[in-house]
>>> print(open('input_0.txt').read())   # compact mmCIF, C-alpha atoms
# COMPACT_ATOMS: atom_id res chain seq x y z
CA MET A 238 124.03 69.77 96.61
CA GLN A 239 126.47 72.15 94.93
CA VAL A 240 127.88 70.68 91.71
CA ALA A 241 130.43 73.39 90.92
CA PRO A 242 131.43 76.79 92.27
CA ALA A 243 129.33 79.75 91.10
CA GLU A 244 132.07 81.01 88.79
CA HIS A 245 132.28 77.66 86.95
CA TRP A 246 129.55 78.49 84.41
CA ASP A 247 127.81 81.82 83.97
CA LEU A 248 124.19 80.89 83.31
CA ARG A 249 121.20 83.18 83.54
CA ASP A 250 117.63 82.58 84.69
CA VAL A 251 115.07 84.82 83.01
CA VAL A 252 111.70 84.27 84.68
CA ALA A 253 108.54 84.94 82.71
CA VAL A 254 106.00 85.99 85.33
CA LEU A 255 102.57 84.96 84.10
CA GLU A 256 100.79 84.81 87.41
CA GLU A 257 101.49 86.78 90.58
CA GLN A 258 98.54 85.78 92.72
CA ALA A 259 98.38 82.67 94.88
CA LYS A 260 97.82 79.43 93.00
CA GLU A 261 94.42 77.74 93.14
CA VAL A 262 96.16 74.54 94.34
CA SER A 263 99.19 75.10 96.57
CA SER A 264 102.51 73.37 95.92
CA ARG A 265 102.02 71.45 99.16
CA GLU A 266 98.65 70.15 97.99
CA GLY A 267 100.13 69.31 94.59
CA HIS A 268 102.88 67.29 96.27
CA GLU A 269 100.30 65.44 98.34
CA ARG A 270 98.35 64.52 95.20
CA ALA A 271 101.43 63.50 93.15
CA PRO A 272 101.63 59.85 94.30
CA SER A 273 98.14 59.26 92.86
CA SER A 274 99.49 59.78 89.33
CA PRO A 275 100.31 56.61 87.36
CA TYR A 276 103.50 58.40 86.24
CA PHE A 277 104.79 59.14 89.74
CA GLU A 278 106.71 55.89 90.30
CA PRO A 279 108.29 55.77 86.81
CA ARG A 280 109.56 59.34 87.33
CA GLN A 281 111.12 58.36 90.65
CA LYS A 282 113.13 55.70 88.82
CA LEU A 283 114.38 58.25 86.26
CA LEU A 284 115.58 60.82 88.80
CA PRO A 285 119.02 59.35 89.67
CA ASP A 286 120.07 59.16 86.00
CA ARG A 287 118.68 62.62 85.33
CA LEU A 288 120.57 64.05 88.27
CA ASP A 289 123.76 62.42 87.00
CA THR A 290 123.17 63.79 83.48
CA VAL A 291 122.59 67.31 84.79
CA THR A 292 125.66 67.09 87.02
CA GLN A 293 127.85 65.95 84.12
CA ALA A 294 126.37 68.59 81.80
CA ILE A 295 127.15 71.34 84.30
CA LEU A 296 130.69 70.11 84.87
CA ALA A 297 131.28 69.89 81.09
CA ARG A 298 129.37 73.12 80.35
CA ASP A 299 127.31 71.07 77.89
CA PHE A 300 124.26 73.25 77.30
CA PRO A 301 122.39 70.88 74.92
CA ALA A 302 122.60 68.00 77.42
CA LEU A 303 121.53 70.27 80.27
CA ALA A 304 118.64 71.73 78.28
CA GLN A 305 117.23 68.39 77.19
CA THR A 306 117.25 66.92 80.70
CA VAL A 307 115.95 70.05 82.40
CA GLU A 308 113.00 70.26 80.02
CA GLU A 309 112.20 66.54 80.27
CA GLU A 310 112.08 66.82 84.04
CA ALA A 311 109.92 69.96 83.98
CA ILE A 312 107.41 68.35 81.63
CA ASP A 313 107.30 65.16 83.71
CA LEU A 314 106.63 67.16 86.88
CA HIS A 315 103.61 68.79 85.27
CA LEU A 316 102.48 65.53 83.66
CA ILE A 317 102.28 64.09 87.16
CA ALA A 318 100.31 67.09 88.40
CA MET A 319 97.89 66.87 85.47
CA SER A 320 97.39 63.13 85.92
CA SER A 321 97.00 63.12 89.70
CA HIS A 322 93.63 62.59 91.41
CA PRO A 323 92.14 65.13 91.34
CA PRO A 324 94.26 66.67 88.57
CA VAL A 325 96.14 69.94 88.98
CA PHE A 326 96.59 72.27 86.01
CA TYR A 327 99.18 74.92 86.83
CA TRP A 328 99.84 76.02 83.25
CA LYS A 329 98.07 78.95 81.65
CA SER A 330 97.76 79.71 77.94
CA GLY A 331 100.73 82.05 78.29
CA THR A 332 102.83 79.20 79.69
CA LEU A 333 102.37 77.31 76.43
CA GLU A 334 103.19 80.43 74.40
CA VAL A 335 106.44 80.90 76.32
CA LEU A 336 107.39 77.24 75.87
CA ALA A 337 106.72 77.49 72.11
CA ALA A 338 108.83 80.65 71.89
CA ILE A 339 111.71 78.90 73.68
CA ARG A 340 111.58 76.00 71.22
CA CYS A 341 111.67 78.45 68.29
CA LEU A 342 114.59 80.37 69.79
CA ARG A 343 116.52 77.14 70.29
CA GLN A 344 115.91 76.15 66.66
CA GLU A 345 117.47 79.50 65.72
CA GLY A 346 120.59 78.63 67.72
CA VAL A 347 119.80 80.51 70.93
CA GLU A 348 121.06 78.61 73.99
CA VAL A 349 117.97 78.51 76.18
CA CYS A 350 115.80 75.94 77.90
CA ALA A 351 112.70 76.14 80.03
CA THR A 352 111.77 74.79 83.42
CA MET A 353 108.91 75.50 85.78
CA ASP A 354 108.08 75.00 89.37
CA ALA A 355 104.52 74.23 90.43
CA GLY A 356 102.91 77.19 88.73
CA ALA A 357 102.37 79.03 85.47
CA ASN A 358 105.65 80.99 85.51
CA VAL A 359 108.49 79.81 83.30
CA HIS A 360 112.19 79.90 84.18
CA MET A 361 114.36 80.20 81.10
CA ILE A 362 117.91 79.06 81.68
CA CYS A 363 120.26 80.58 79.13
CA THR A 364 123.80 81.72 78.45
CA PRO A 365 124.70 85.42 78.85
CA ASP A 366 124.92 85.78 75.05
CA SER A 367 121.33 84.56 74.75
CA GLU A 368 119.76 86.58 77.56
CA ALA A 369 118.82 89.66 75.52
CA ALA A 370 117.18 87.62 72.73
CA VAL A 371 115.24 85.55 75.25
CA ALA A 372 114.04 88.66 77.09
CA GLU A 373 113.04 90.42 73.87
CA VAL A 374 111.04 87.53 72.42
CA VAL A 375 109.40 86.33 75.63
CA GLY A 376 108.82 89.85 76.94
CA SER A 377 106.72 90.58 73.86
CA ILE A 378 104.21 87.82 74.68
CA PRO A 379 101.05 89.59 75.91
CA GLU A 380 100.40 87.14 78.79
CA VAL A 381 103.86 87.77 80.28
CA GLY A 382 103.36 90.35 83.00
CA SER A 383 107.04 90.92 83.72
CA LEU A 384 110.48 89.39 83.49
CA ILE A 385 112.87 88.76 86.35
CA HIS A 386 116.57 88.46 85.51
CA ASP A 387 118.75 86.33 87.75
CA GLY A 388 122.01 84.47 87.53
CA VAL A 389 124.35 82.14 89.32
CA GLY A 390 125.35 83.53 92.69
CA GLN A 391 127.51 82.80 95.67
CA GLY A 392 124.60 81.67 97.81
CA PRO A 393 122.78 83.32 100.69
CA ARG A 394 124.34 86.19 102.54
CA ILE A 395 123.30 88.81 105.06
CA ALA A 396 122.60 92.15 103.39
CA ASP A 397 122.92 95.43 105.21
CA GLU A 398 120.99 97.38 102.57
CA HIS A 399 117.23 97.31 102.40
CA LEU A 400 115.89 95.20 99.53
CA VAL A 401 113.10 97.57 98.46
>>> encode(input="input_0.txt", output="C-alpha cells")
Amino acid sequence: MQVAPAEHWDLRDVVAVLEEQAKEVSSREGHERAPSSPYFEPRQKLLPDRLDTVTQAILARDFPALAQTVEEEAIDLHLIAMSSHPPVFYWKSGTLEVLAAIRCLRQEGVEVCATMDAGANVHMICTPDSEAAVAEVVGSIPEVGSLIHDGVGQGPRIADEHLV
C-alpha cells in the first residue's frame, strides 16, 4: 500500500549490517513459531491503529509520531520472536549497541528511529539532515560490519546497467 508519492517526504534508511551470513532460524520458521507467543494476539489487535498512526505521520511529515510507532512495532515483533516456543533470538550484542546509539542521537535532537526485520541488522530511518550524524555514530560501533545507505524511491524498474 503506497501512502504518498516518493517525493512527498525525503527519508533515508541507513542499514547497520551486523550479520551477513544466513540466520540460525529463518524468517519463515520465525513466522511459523510466532503464534505460540502469548503476545502474538495482542499485537494483532494493535496493528490497525499502528498502521493508521504511521499513515497519518507520513502524510503530515510528523517524524516524532512516525519514530515512536515504528520503534514500538519493531520491538513487539522481536518480543514475539523471543517469547515463541521455542524462542528465537535474532538480536546480537551489536544490535543493542546500535539501538542505544539511536536513542542517544534522538535525545540530542537527531531525527532518527530504528526498525529491524527478522535479524540482527538495524534499519535507521532518518531525515537527510540527520543521515551523516547517524552514519558517523553507528559506523563507529565495532560490531557494525558496514552501512548501506538507501532512500525513498520510485519503486521497481528494469535496469539496463549491470548492478555489480
>>> atom_distance(input="input_0.txt", atom1="CA of Trp246 (chain A)", atom2="CA of Ala355 (chain A)")
26.1 Å
>>> residues_around(input="input_0.txt", residues="region 342-349 of chain A", least_positions_apart="5", cutoff="10 Å", atoms="all atoms listed in the file", output="compact mmCIF listing (two decimals) with C-alpha atoms, keeping the file's coordinate frame")
# COMPACT_ATOMS: atom_id res chain seq x y z
CA LEU A 248 124.19 80.89 83.31
CA ARG A 249 121.20 83.18 83.54
CA ASP A 250 117.63 82.58 84.69
CA VAL A 251 115.07 84.82 83.01
CA PHE A 300 124.26 73.25 77.30
CA PRO A 301 122.39 70.88 74.92
CA LEU A 303 121.53 70.27 80.27
CA ALA A 304 118.64 71.73 78.28
CA LEU A 336 107.39 77.24 75.87
CA ALA A 337 106.72 77.49 72.11
CA HIS A 360 112.19 79.90 84.18
CA MET A 361 114.36 80.20 81.10
CA ILE A 362 117.91 79.06 81.68
CA CYS A 363 120.26 80.58 79.13
CA THR A 364 123.80 81.72 78.45
CA PRO A 365 124.70 85.42 78.85
CA ASP A 366 124.92 85.78 75.05
CA SER A 367 121.33 84.56 74.75
CA GLU A 368 119.76 86.58 77.56
CA ALA A 370 117.18 87.62 72.73
CA VAL A 371 115.24 85.55 75.25
CA VAL A 374 111.04 87.53 72.42
CA VAL A 375 109.40 86.33 75.63
>>> closest_residue(input="input_0.txt", among="A:Asp247, A:Ser273, A:Ala253, A:Met238", to="His386 (chain A)", atoms="all atoms listed in the file")
A:Ala253
>>> atom_distance(input="input_0.txt", atom1="CA of Leu333 (chain A)", atom2="CA of Ser320 (chain A)")
17.8 Å
>>> atom_distance(input="input_0.txt", atom1="CA of Gly331 (chain A)", atom2="CA of Glu380 (chain A)")
5.1 Å
